[in-house]
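Text of my_file21.pdb (PDB, C-alpha atoms (C1' of nucleotides)) as supplied:
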```pdb
ATOM      1  CA  MET Q   1       0.150   4.280  -2.409
ATOM      2  CA  ASP Q   2       1.652   1.411  -0.421
ATOM      3  CA  LYS Q   3       4.567  -0.566  -1.763
ATOM      4  CA  LEU Q   4       4.523   0.901  -5.211
ATOM      5  CA  THR Q   5       6.728  -1.176  -7.427
ATOM      6  CA  ASP Q   6       8.691   0.832  -9.934
ATOM      7  CA  GLU Q   7       6.622  -0.623 -12.719
ATOM      8  CA  LEU Q   8       3.301   0.294 -11.130
ATOM      9  CA  LEU Q   9       4.600   3.746 -10.229
ATOM     10  CA  ASP Q  10       5.591   4.325 -13.835
ATOM     11  CA  HIS Q  11       2.175   3.254 -14.988
ATOM     12  CA  VAL Q  12       0.438   5.497 -12.489
ATOM     13  CA  ALA Q  13       2.608   8.380 -13.648
ATOM     14  CA  TYR Q  14       1.711   7.616 -17.235
ATOM     15  CA  ARG Q  15      -1.990   7.630 -16.426
ATOM     16  CA  PHE Q  16      -1.580  11.032 -14.795
ATOM     17  CA  LYS Q  17       0.415  12.234 -17.763
ATOM     18  CA  LEU Q  18      -2.428  11.244 -20.070
ATOM     19  CA  LEU Q  19      -4.788  13.345 -17.964
ATOM     20  CA  GLY Q  20      -2.233  16.138 -17.850
ATOM     21  CA  GLU Q  21      -2.925  17.558 -21.292
ATOM     22  CA  PRO Q  22      -5.661  20.204 -21.467
ATOM     23  CA  MET Q  23      -6.947  18.956 -24.807
ATOM     24  CA  ARG Q  24      -7.228  15.375 -23.607
ATOM     25  CA  LEU Q  25      -9.014  16.538 -20.490
ATOM     26  CA  ARG Q  26     -11.335  18.574 -22.700
ATOM     27  CA  ILE Q  27     -12.101  15.485 -24.772
ATOM     28  CA  LEU Q  28     -12.813  13.470 -21.636
ATOM     29  CA  SER Q  29     -15.008  16.267 -20.371
ATOM     30  CA  CYS Q  30     -17.003  16.067 -23.602
ATOM     31  CA  LEU Q  31     -17.438  12.339 -23.057
ATOM     32  CA  LYS Q  32     -18.732  12.858 -19.549
ATOM     33  CA  ASP Q  33     -22.389  12.626 -20.524
ATOM     34  CA  GLY Q  34     -22.058   9.747 -22.941
ATOM     35  CA  GLU Q  35     -20.451   8.533 -26.121
ATOM     36  CA  LYS Q  36     -19.489  10.876 -28.930
ATOM     37  CA  CYS Q  37     -18.128  10.288 -32.398
ATOM     38  CA  VAL Q  38     -14.861  11.829 -33.503
ATOM     39  CA  GLN Q  39     -16.557  14.551 -35.498
ATOM     40  CA  ASP Q  40     -18.545  15.688 -32.478
ATOM     41  CA  LEU Q  41     -15.380  15.882 -30.434
ATOM     42  CA  VAL Q  42     -13.628  17.826 -33.176
ATOM     43  CA  GLU Q  43     -16.427  20.372 -33.212
ATOM     44  CA  GLU Q  44     -16.808  20.621 -29.459
ATOM     45  CA  THR Q  45     -13.122  20.986 -28.729
ATOM     46  CA  GLY Q  46     -12.121  23.013 -31.764
ATOM     47  CA  ALA Q  47      -9.114  20.783 -32.298
ATOM     48  CA  GLY Q  48      -8.026  19.269 -35.607
ATOM     49  CA  GLN Q  49      -9.324  15.856 -36.614
ATOM     50  CA  ALA Q  50      -5.913  14.220 -36.696
ATOM     51  CA  ASN Q  51      -5.197  15.646 -33.309
ATOM     52  CA  VAL Q  52      -8.371  14.344 -31.737
ATOM     53  CA  SER Q  53      -7.799  10.927 -33.247
ATOM     54  CA  LYS Q  54      -4.313  10.804 -31.864
ATOM     55  CA  HIS Q  55      -5.406  11.772 -28.373
ATOM     56  CA  LEU Q  56      -8.193   9.207 -28.466
ATOM     57  CA  SER Q  57      -5.726   6.592 -29.581
ATOM     58  CA  LEU Q  58      -3.506   7.259 -26.586
ATOM     59  CA  LEU Q  59      -6.474   7.186 -24.222
ATOM     60  CA  MET Q  60      -7.665   3.927 -25.801
ATOM     61  CA  ASN Q  61      -4.341   2.177 -25.448
ATOM     62  CA  ASP Q  62      -4.279   2.875 -21.732
ATOM     63  CA  GLY Q  63      -7.861   1.794 -21.165
ATOM     64  CA  VAL Q  64      -9.218   5.224 -20.291
ATOM     65  CA  VAL Q  65     -11.738   5.203 -23.137
ATOM     66  CA  ASN Q  66     -13.180   2.571 -25.414
ATOM     67  CA  ARG Q  67     -15.038   2.691 -28.718
ATOM     68  CA  ARG Q  68     -17.920   1.299 -30.684
ATOM     69  CA  LYS Q  69     -17.969   1.323 -34.452
ATOM     70  CA  ASP Q  70     -21.164   2.095 -36.296
ATOM     71  CA  GLY Q  71     -20.840   2.470 -40.016
ATOM     72  CA  LEU Q  72     -18.559   5.327 -40.864
ATOM     73  CA  HIS Q  73     -18.707   6.636 -37.349
ATOM     74  CA  VAL Q  74     -16.704   5.565 -34.342
ATOM     75  CA  PHE Q  75     -18.220   6.353 -31.005
ATOM     76  CA  TYR Q  76     -15.889   6.808 -28.077
ATOM     77  CA  PHE Q  77     -16.901   6.532 -24.460
ATOM     78  CA  ILE Q  78     -15.229   6.549 -21.085
ATOM     79  CA  GLU Q  79     -14.172   3.074 -20.048
ATOM     80  CA  ASP Q  80     -12.511   3.852 -16.743
ATOM     81  CA  GLU Q  81     -15.066   5.716 -14.679
ATOM     82  CA  THR Q  82     -12.563   6.596 -11.977
ATOM     83  CA  ILE Q  83     -11.567   9.456 -14.276
ATOM     84  CA  HIS Q  84     -14.514  11.442 -12.997
ATOM     85  CA  GLU Q  85     -13.577  10.865  -9.388
ATOM     86  CA  LEU Q  86     -10.014  11.919 -10.125
ATOM     87  CA  CYS Q  87     -11.104  15.146 -11.779
ATOM     88  CA  ASN Q  88     -13.563  15.920  -9.006
ATOM     89  CA  LEU Q  89     -10.933  15.370  -6.350
ATOM     90  CA  VAL Q  90      -8.519  17.712  -8.066
ATOM     91  CA  CYS Q  91     -11.215  20.307  -8.707
ATOM     92  CA  ASP Q  92     -12.323  20.313  -5.090
ATOM     93  CA  SER Q  93      -8.768  20.536  -3.902
ATOM     94  CA  LEU Q  94      -7.936  23.418  -6.206
ATOM     95  CA  GLU Q  95     -11.101  25.290  -5.297
ATOM     96  CA  LYS Q  96     -10.308  24.832  -1.637
ATOM     97  CA  SER Q  97      -6.773  26.126  -2.007
ATOM     98  CA  THR Q  98      -8.055  29.053  -4.051
ATOM     99  CA  GLU Q  99     -10.447  29.892  -1.238
ATOM    100  CA  ASN Q 100      -7.590  29.750   1.225
ATOM    101  CA  MET Q 101      -5.567  32.051  -1.004
ATOM    102  CA  GLN Q 102      -8.456  34.517  -1.082
ATOM    103  CA  GLN Q 103      -8.868  34.280   2.677
ATOM    104  CA  ALA Q 104      -5.186  34.952   3.143
ATOM    105  CA  PHE Q 105      -5.469  37.880   0.760
ATOM    106  CA  LYS Q 106      -8.346  39.328   2.761
ATOM    107  CA  ARG Q 107      -6.418  38.987   5.997
ATOM    108  CA  SER Q 108      -3.374  40.733   4.647
TER
ATOM    109  CA  MET P   1     -16.288  17.622 -13.337
ATOM    110  CA  ASP P   2     -19.318  19.854 -13.741
ATOM    111  CA  LYS P   3     -19.111  23.175 -15.546
ATOM    112  CA  LEU P   4     -15.383  23.219 -15.892
ATOM    113  CA  THR P   5     -14.300  26.658 -16.965
ATOM    114  CA  ASP P   6     -11.378  26.668 -19.358
ATOM    115  CA  GLU P   7      -9.213  28.176 -16.675
ATOM    116  CA  LEU P   8     -10.070  25.528 -14.106
ATOM    117  CA  LEU P   9      -9.685  22.778 -16.675
ATOM    118  CA  ASP P  10      -6.216  24.036 -17.510
ATOM    119  CA  HIS P  11      -5.311  24.078 -13.864
ATOM    120  CA  VAL P  12      -6.633  20.579 -13.316
ATOM    121  CA  ALA P  13      -4.617  19.413 -16.303
ATOM    122  CA  TYR P  14      -1.537  21.084 -14.898
ATOM    123  CA  ARG P  15      -2.017  19.353 -11.567
ATOM    124  CA  PHE P  16      -2.237  16.019 -13.377
ATOM    125  CA  LYS P  17       0.815  16.907 -15.413
ATOM    126  CA  LEU P  18       2.751  17.525 -12.226
ATOM    127  CA  LEU P  19       1.807  14.052 -11.031
ATOM    128  CA  GLY P  20       2.582  12.629 -14.452
ATOM    129  CA  GLU P  21       6.348  12.467 -14.062
ATOM    130  CA  PRO P  22       7.734   9.269 -12.520
ATOM    131  CA  MET P  23      10.422  11.105 -10.584
ATOM    132  CA  ARG P  24       7.983  13.560  -9.068
ATOM    133  CA  LEU P  25       5.701  10.711  -8.114
ATOM    134  CA  ARG P  26       8.675   8.971  -6.571
ATOM    135  CA  ILE P  27       9.465  12.066  -4.528
ATOM    136  CA  LEU P  28       5.865  12.299  -3.352
ATOM    137  CA  SER P  29       5.957   8.625  -2.503
ATOM    138  CA  CYS P  30       9.008   9.279  -0.313
ATOM    139  CA  LEU P  31       7.120  12.053   1.459
ATOM    140  CA  LYS P  32       4.192   9.789   2.160
ATOM    141  CA  ASP P  33       5.281   8.958   5.707
ATOM    142  CA  GLY P  34       6.364  12.447   6.674
ATOM    143  CA  GLU P  35       8.690  15.306   5.913
ATOM    144  CA  LYS P  36      12.103  14.759   4.356
ATOM    145  CA  CYS P  37      14.954  17.105   3.607
ATOM    146  CA  VAL P  38      16.294  17.470   0.083
ATOM    147  CA  GLN P  39      19.322  15.315   0.775
ATOM    148  CA  ASP P  40      17.148  12.446   1.958
ATOM    149  CA  LEU P  41      15.088  12.664  -1.191
ATOM    150  CA  VAL P  42      18.218  12.757  -3.339
ATOM    151  CA  GLU P  43      19.456   9.574  -1.700
ATOM    152  CA  GLU P  44      16.127   7.773  -1.753
ATOM    153  CA  THR P  45      15.313   8.583  -5.339
ATOM    154  CA  GLY P  46      18.804   8.417  -6.781
ATOM    155  CA  ALA P  47      18.214  11.630  -8.687
ATOM    156  CA  GLY P  48      20.561  14.599  -8.833
ATOM    157  CA  GLN P  49      20.263  17.357  -6.244
ATOM    158  CA  ALA P  50      19.428  20.061  -8.765
ATOM    159  CA  ASN P  51      16.834  17.823 -10.255
ATOM    160  CA  VAL P  52      15.121  17.114  -6.962
ATOM    161  CA  SER P  53      15.150  20.800  -6.093
ATOM    162  CA  LYS P  54      13.552  21.688  -9.407
ATOM    163  CA  HIS P  55      10.819  19.118  -9.028
ATOM    164  CA  LEU P  56      10.144  20.265  -5.468
ATOM    165  CA  SER P  57       9.961  23.828  -6.657
ATOM    166  CA  LEU P  58       7.288  22.955  -9.204
ATOM    167  CA  LEU P  59       5.322  20.973  -6.630
ATOM    168  CA  MET P  60       5.630  23.876  -4.176
ATOM    169  CA  ASN P  61       4.373  26.484  -6.607
ATOM    170  CA  ASP P  62       1.215  24.499  -7.220
ATOM    171  CA  GLY P  63       0.564  23.835  -3.542
ATOM    172  CA  VAL P  64       1.179  20.099  -3.660
ATOM    173  CA  VAL P  65       3.991  20.244  -1.101
ATOM    174  CA  ASN P  66       5.194  22.812   1.393
ATOM    175  CA  ARG P  67       8.443  23.249   3.326
ATOM    176  CA  ARG P  68       9.937  24.109   6.664
ATOM    177  CA  LYS P  69      13.428  25.501   6.999
ATOM    178  CA  ASP P  70      15.638  24.344   9.816
ATOM    179  CA  GLY P  71      19.203  25.570   9.700
ATOM    180  CA  LEU P  72      20.907  24.334   6.613
ATOM    181  CA  HIS P  73      18.162  21.846   5.921
ATOM    182  CA  VAL P  74      14.844  22.374   4.224
ATOM    183  CA  PHE P  75      12.184  19.858   5.050
ATOM    184  CA  TYR P  76       9.469  19.235   2.518
ATOM    185  CA  PHE P  77       6.122  17.700   3.274
ATOM    186  CA  ILE P  78       2.901  17.020   1.434
ATOM    187  CA  GLU P  79       0.532  19.955   1.692
ATOM    188  CA  ASP P  80      -2.347  18.644  -0.408
ATOM    189  CA  GLU P  81      -3.327  15.312   1.086
ATOM    190  CA  THR P  82      -5.667  14.474  -1.776
ATOM    191  CA  ILE P  83      -2.533  13.340  -3.599
ATOM    192  CA  HIS P  84      -2.720  10.048  -1.757
ATOM    193  CA  GLU P  85      -6.324   9.513  -2.705
ATOM    194  CA  LEU P  86      -5.544  10.272  -6.318
ATOM    195  CA  CYS P  87      -2.703   7.774  -6.419
ATOM    196  CA  ASN P  88      -4.739   5.123  -4.666
ATOM    197  CA  LEU P  89      -7.609   5.570  -7.100
ATOM    198  CA  VAL P  90      -5.313   5.182 -10.078
ATOM    199  CA  CYS P  91      -3.517   2.238  -8.535
ATOM    200  CA  ASP P  92      -6.752   0.404  -7.805
ATOM    201  CA  SER P  93      -8.048   1.117 -11.265
ATOM    202  CA  LEU P  94      -4.877  -0.099 -12.942
ATOM    203  CA  GLU P  95      -4.738  -3.224 -10.828
ATOM    204  CA  LYS P  96      -8.328  -3.948 -11.673
ATOM    205  CA  SER P  97      -7.784  -3.563 -15.394
ATOM    206  CA  THR P  98      -4.666  -5.698 -15.173
ATOM    207  CA  GLU P  99      -6.711  -8.428 -13.523
ATOM    208  CA  ASN P 100      -9.262  -8.167 -16.295
ATOM    209  CA  MET P 101      -6.491  -8.480 -18.847
ATOM    210  CA  GLN P 102      -5.224 -11.600 -17.140
ATOM    211  CA  GLN P 103      -8.735 -13.033 -16.967
ATOM    212  CA  ALA P 104      -9.201 -12.376 -20.644
ATOM    213  CA  PHE P 105      -5.849 -13.996 -21.313
ATOM    214  CA  LYS P 106      -6.892 -17.132 -19.416
ATOM    215  CA  ARG P 107     -10.139 -17.388 -21.341
ATOM    216  CA  SER P 108      -8.440 -17.117 -24.711
TER
ATOM    217  C1'  DT F   1      36.349  36.895   8.096
ATOM    218  C1'  DT F   2      36.725  32.311   5.697
ATOM    219  C1'  DA F   3      35.361  27.491   4.949
ATOM    220  C1'  DT F   4      31.854  24.240   4.589
ATOM    221  C1'  DT F   5      27.454  22.329   3.801
ATOM    222  C1'  DA F   6      22.617  22.366   1.949
ATOM    223  C1'  DA F   7      19.635  24.028  -1.255
ATOM    224  C1'  DA F   8      18.214  26.953  -5.132
ATOM    225  C1'  DT F   9      18.979  28.819  -9.499
ATOM    226  C1'  DA F  10      20.842  29.329 -14.247
ATOM    227  C1'  DA F  11      22.380  27.592 -18.582
ATOM    228  C1'  DC F  12      22.490  24.108 -21.638
ATOM    229  C1'  DC F  13      21.288  19.866 -24.204
ATOM    230  C1'  DA F  14      18.729  15.908 -25.766
ATOM    231  C1'  DG F  15      14.524  13.584 -26.052
ATOM    232  C1'  DA F  16       9.556  13.853 -26.028
ATOM    233  C1'  DT F  17       5.281  15.519 -27.860
ATOM    234  C1'  DA F  18       1.243  18.525 -29.355
ATOM    235  C1'  DG F  19      -0.297  20.312 -33.464
ATOM    236  C1'  DA F  20      -0.738  20.712 -38.542
ATOM    237  C1'  DA F  21      -0.724  18.945 -43.186
ATOM    238  C1'  DA F  22      -0.773  15.192 -46.145
ATOM    239  C1'  DT F  23      -1.830  10.548 -46.936
ATOM    240  C1'  DA F  24      -3.951   6.061 -46.020
ATOM    241  C1'  DT F  25      -7.626   3.203 -44.411
ATOM    242  C1'  DT F  26     -12.327   1.863 -43.854
ATOM    243  C1'  DA F  27     -17.181   1.842 -44.735
ATOM    244  C1'  DT F  28     -21.067   3.293 -47.309
ATOM    245  C1'  DG F  29     -23.739   4.369 -51.467
ATOM    246  C1'  DG F  30     -24.277   4.799 -56.449
TER
ATOM    247  C1'  DC S   1     -16.055  -0.639 -59.861
ATOM    248  C1'  DC S   2     -15.770   4.580 -58.297
ATOM    249  C1'  DA S   3     -16.843   8.538 -55.273
ATOM    250  C1'  DT S   4     -17.419  10.154 -50.851
ATOM    251  C1'  DA S   5     -17.286  10.625 -45.941
ATOM    252  C1'  DA S   6     -15.239   9.421 -41.333
ATOM    253  C1'  DT S   7     -11.398   8.054 -39.073
ATOM    254  C1'  DA S   8      -6.562   6.635 -38.558
ATOM    255  C1'  DT S   9      -1.866   7.109 -39.555
ATOM    256  C1'  DT S  10       2.353   9.243 -41.139
ATOM    257  C1'  DT S  11       5.540  12.910 -41.361
ATOM    258  C1'  DC S  12       7.305  17.093 -40.022
ATOM    259  C1'  DT S  13       8.204  21.014 -37.046
ATOM    260  C1'  DA S  14       8.231  24.007 -33.127
ATOM    261  C1'  DT S  15       7.962  23.911 -28.466
ATOM    262  C1'  DC S  16       8.454  22.101 -24.025
ATOM    263  C1'  DT S  17      10.809  19.856 -20.371
ATOM    264  C1'  DG S  18      13.682  16.446 -17.596
ATOM    265  C1'  DG S  19      18.356  15.827 -16.545
ATOM    266  C1'  DT S  20      23.148  17.431 -16.016
ATOM    267  C1'  DT S  21      26.671  20.726 -14.824
ATOM    268  C1'  DA S  22      28.064  24.892 -12.998
ATOM    269  C1'  DT S  23      27.089  28.688 -10.238
ATOM    270  C1'  DT S  24      24.796  31.171  -6.548
ATOM    271  C1'  DT S  25      22.572  31.836  -2.248
ATOM    272  C1'  DA S  26      21.953  30.936   2.620
ATOM    273  C1'  DA S  27      23.175  29.159   7.057
ATOM    274  C1'  DT S  28      26.427  27.390  10.248
ATOM    275  C1'  DA S  29      30.956  26.819  12.371
ATOM    276  C1'  DA S  30      35.820  27.784  13.016
TER
END
```
Could you write out this file's structure as C-alpha cells?
Amino acid sequence: MDKLTDELLDHVAYRFKLLGEPMRLRILSCLKDGEKCVQDLVEETGAGQANVSKHLSLLMNDGVVNRRKDGLHVFYFIEDETIHELCNLVCDSLEKSTENMQQAFKRS
Amino acid sequence: MDKLTDELLDHVAYRFKLLGEPMRLRILSCLKDGEKCVQDLVEETGAGQANVSKHLSLLMNDGVVNRRKDGLHVFYFIEDETIHELCNLVCDSLEKSTENMQQAFKRS
DNA sequence: TTATTAAATAACCAGATAGAAATATTATGG
DNA sequence: CCATAATATTTCTATCTGGTTATTTAATAA
C-alpha cells in the first residue's frame, strides 16, 4: 500500500466493493473448484438468472472471472486467483478475532 | 475459502464492503504509518469531520481499527494488520492485469 | 460555572444498486 | 424458416448508504 495514486486507490476500492456483496462472494465460492455455467450458479446460489448474469458481468468487466462459450452454455471461471488468497486472509482474520472475543468473554 | 458457512461468508463480504469505499480506504491508508487523531484524518483526506467519524465508527465496530483517547483527542490506529496484506494483494493483482492489458495493446 | 475544542451522533437528502420481471440476444435442432 | 433453451440486457422499484448540516457529548481551560 505504498504511494497509492488516487486512481489506483479507487480501483482497489472498487475491487473490494465487488467482493463486498454476499451473492457475488457466493458465486465466486461456487467457482472455487472449477468452471460452472450460469444455470449451475443459479441453482447453487438460489438467485435469479438475471441477477446471476448481472453479477457475473460486473466480475467479468473487472477481470475477476472470465468465460468460455460452448454452445448454448457459457462457462465462467475465476481469472484472478488472488481472490482465494484474499478470502482466506479475511476468514483467518475474522476467525482469530472471534476467538479473541470468546477468550475475552471467558475472562469476564 | 473452504466450507464457508453462510454466516461467515456474510461477514467476509461485509469486511470487503468496508474496504470497498474509497474514502475508507483513504483513511486506512493515512493510518498506515501509525495512529492519527480525527482532525488529522479530516485534513489529510479532505472529508468532513462527521463523515470521517462515521467511517471510523464502522471500521471500529468490525475490528479493523481501534482507538486511544487522550484528552480532547481520539487517536485511531489499525487493529487488524491483515488490511495491508489485502491491499497489497489487490494492488499487485491490478498492476499485473494492467501490464497484461498494455502488452495486449502493443501486440494489437 | 462558562467557553472552547474535539469527536460522536442524529436527521436528512441524493445517488447508487441488488433484485425481480419482462424483453432481447444467441445458439441449437427440427 | 420456426421453436426452444441459455444467457444477456433493459427497466423498474425498494432499499441502502455516503455526504452534509445541525446537534450533542466529552474534556479541558479560564
Mind dumping a table of every chain S residue within 8 Å of chain Q, with the nearest atom pair and its distance in Å to one decimal, using all atoms listed in the file, sorted by chain and rising number, as CSV?
```
residue,atom,partner,partner_atom,distance
S:DA5,C1',Q:Leu72,CA,7.4
S:DA6,C1',Q:Leu72,CA,5.3
S:DT7,C1',Q:Ser53,CA,7.4
S:DA8,C1',Q:Ser53,CA,6.9
```
(message) Let me make sure I understand: among Q:Tyr76, Q:Met60, Q:Gly48, Q:His55, which one has the smallest atom-to-atom distance to Q:Gly20 if we use only C-alpha atoms?
(response)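 Looking at the shortest contact to Q:Gly20, the residue is Q:His55.
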(request) For atom C1' of S:DT10 and atom CA of Q:Leu58, determine how far apart the two atoms are, in Å to one decimal place. (result)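 Atom CA of Q:Leu58 lies at a distance of 15.8 Å from atom C1' of S:DT10.
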(message) Translate the PyMOL selection byres ((chain Q) within 12 of (chain P)) into a concrete residue list for this structure, as a ChimeraX atom specification.
(response) /Q:1-33,45,62-64,79-98,100-101
Enumerate, in order of chain and increasing residue number, the residues of chain F with an atom no farther than 12 Å from chain Q, each with its shortest atom pair and distance in Å to one decimal, counting all atoms listed in the file, as CSV.
```
residue,atom,partner,partner_atom,distance
F:DT17,C1',Q:Glu21,CA,10.7
F:DA18,C1',Q:Asn51,CA,8.1
F:DG19,C1',Q:Asn51,CA,6.8
F:DA20,C1',Q:Gly48,CA,8.0
F:DA21,C1',Q:Ala50,CA,9.6
F:DA22,C1',Q:Ala50,CA,10.8
F:DT23,C1',Q:Ala50,CA,11.6
F:DT25,C1',Q:Leu72,CA,11.7
F:DT26,C1',Q:Leu72,CA,7.7
F:DA27,C1',Q:Leu72,CA,5.4
F:DT28,C1',Q:Leu72,CA,7.2
F:DG29,C1',Q:Leu72,CA,11.8
```
For the selection you just gave me, I'd like the residues written to a file as a PDB file, keeping the file's coordinate frame, keeping C-alpha atoms (C1' of nucleotides).
```
ATOM      1  C1'  DT F  17       5.281  15.519 -27.860  1.00  0.00           C
ATOM      2  C1'  DA F  18       1.243  18.525 -29.355  1.00  0.00           C
ATOM      3  C1'  DG F  19      -0.297  20.312 -33.464  1.00  0.00           C
ATOM      4  C1'  DA F  20      -0.738  20.712 -38.542  1.00  0.00           C
ATOM      5  C1'  DA F  21      -0.724  18.945 -43.186  1.00  0.00           C
ATOM      6  C1'  DA F  22      -0.773  15.192 -46.145  1.00  0.00           C
ATOM      7  C1'  DT F  23      -1.830  10.548 -46.936  1.00  0.00           C
ATOM      8  C1'  DT F  25      -7.626   3.203 -44.411  1.00  0.00           C
ATOM      9  C1'  DT F  26     -12.327   1.863 -43.854  1.00  0.00           C
ATOM     10  C1'  DA F  27     -17.181   1.842 -44.735  1.00  0.00           C
ATOM     11  C1'  DT F  28     -21.067   3.293 -47.309  1.00  0.00           C
ATOM     12  C1'  DG F  29     -23.739   4.369 -51.467  1.00  0.00           C
TER      13       DG F  29
END
```
(request) Name all residues at most 12 Å from F:DG30 (count only C-alpha atoms (C1' of nucleotides); drop same-chain ones fewer than 5 positions away) and give them as a PyMOL selection string. (result) chain S and resi 1-4
(request) Kindly give the distance, in Å, that separates atom C1' of S:DG19 and atom C1' of F:DC12, rounded to a single decimal. (result)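 Between these atoms lies a distance of 10.6 Å.
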(message) Using Å and a single decimal, report how far atom CA of P:Asp40 sits from atom C1' of S:DT17.
(response)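 We find that atom C1' of S:DT17 and atom CA of P:Asp40 lie 24.4 Å from each other.
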(message) Given the point (10.4, 16.1, -25.8) in the coordinates of this file, which residues lie within 10 Å, counting only C-alpha atoms (C1' of nucleotides), and how would they look as a ChimeraX atom specification?
(response) /F:14-17 /S:15-18
Counting all atoms listed in the file, select every polymer residue within 12 Å of (36.6, 24.2, 5.1) as defined in the file's coordinates, and provide the selection as a PDB file with C-alpha atoms (C1' of nucleotides), in the frame of the given file.
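Generated output (part.pdb):
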```pdb
ATOM      1  C1'  DT F   2      36.725  32.311   5.697  1.00  0.00           C
ATOM      2  C1'  DA F   3      35.361  27.491   4.949  1.00  0.00           C
ATOM      3  C1'  DT F   4      31.854  24.240   4.589  1.00  0.00           C
ATOM      4  C1'  DT F   5      27.454  22.329   3.801  1.00  0.00           C
TER       5       DT F   5
ATOM      6  C1'  DT S  28      26.427  27.390  10.248  1.00  0.00           C
ATOM      7  C1'  DA S  29      30.956  26.819  12.371  1.00  0.00           C
ATOM      8  C1'  DA S  30      35.820  27.784  13.016  1.00  0.00           C
TER       9       DA S  30
END
```
(message) Take the PyMOL selection byres ((chain S and resi 25) around 8), run it mentally on this structure, and tell me the resulting residues as a ChimeraX atom specification.
(response) /F:8 /S:24,26
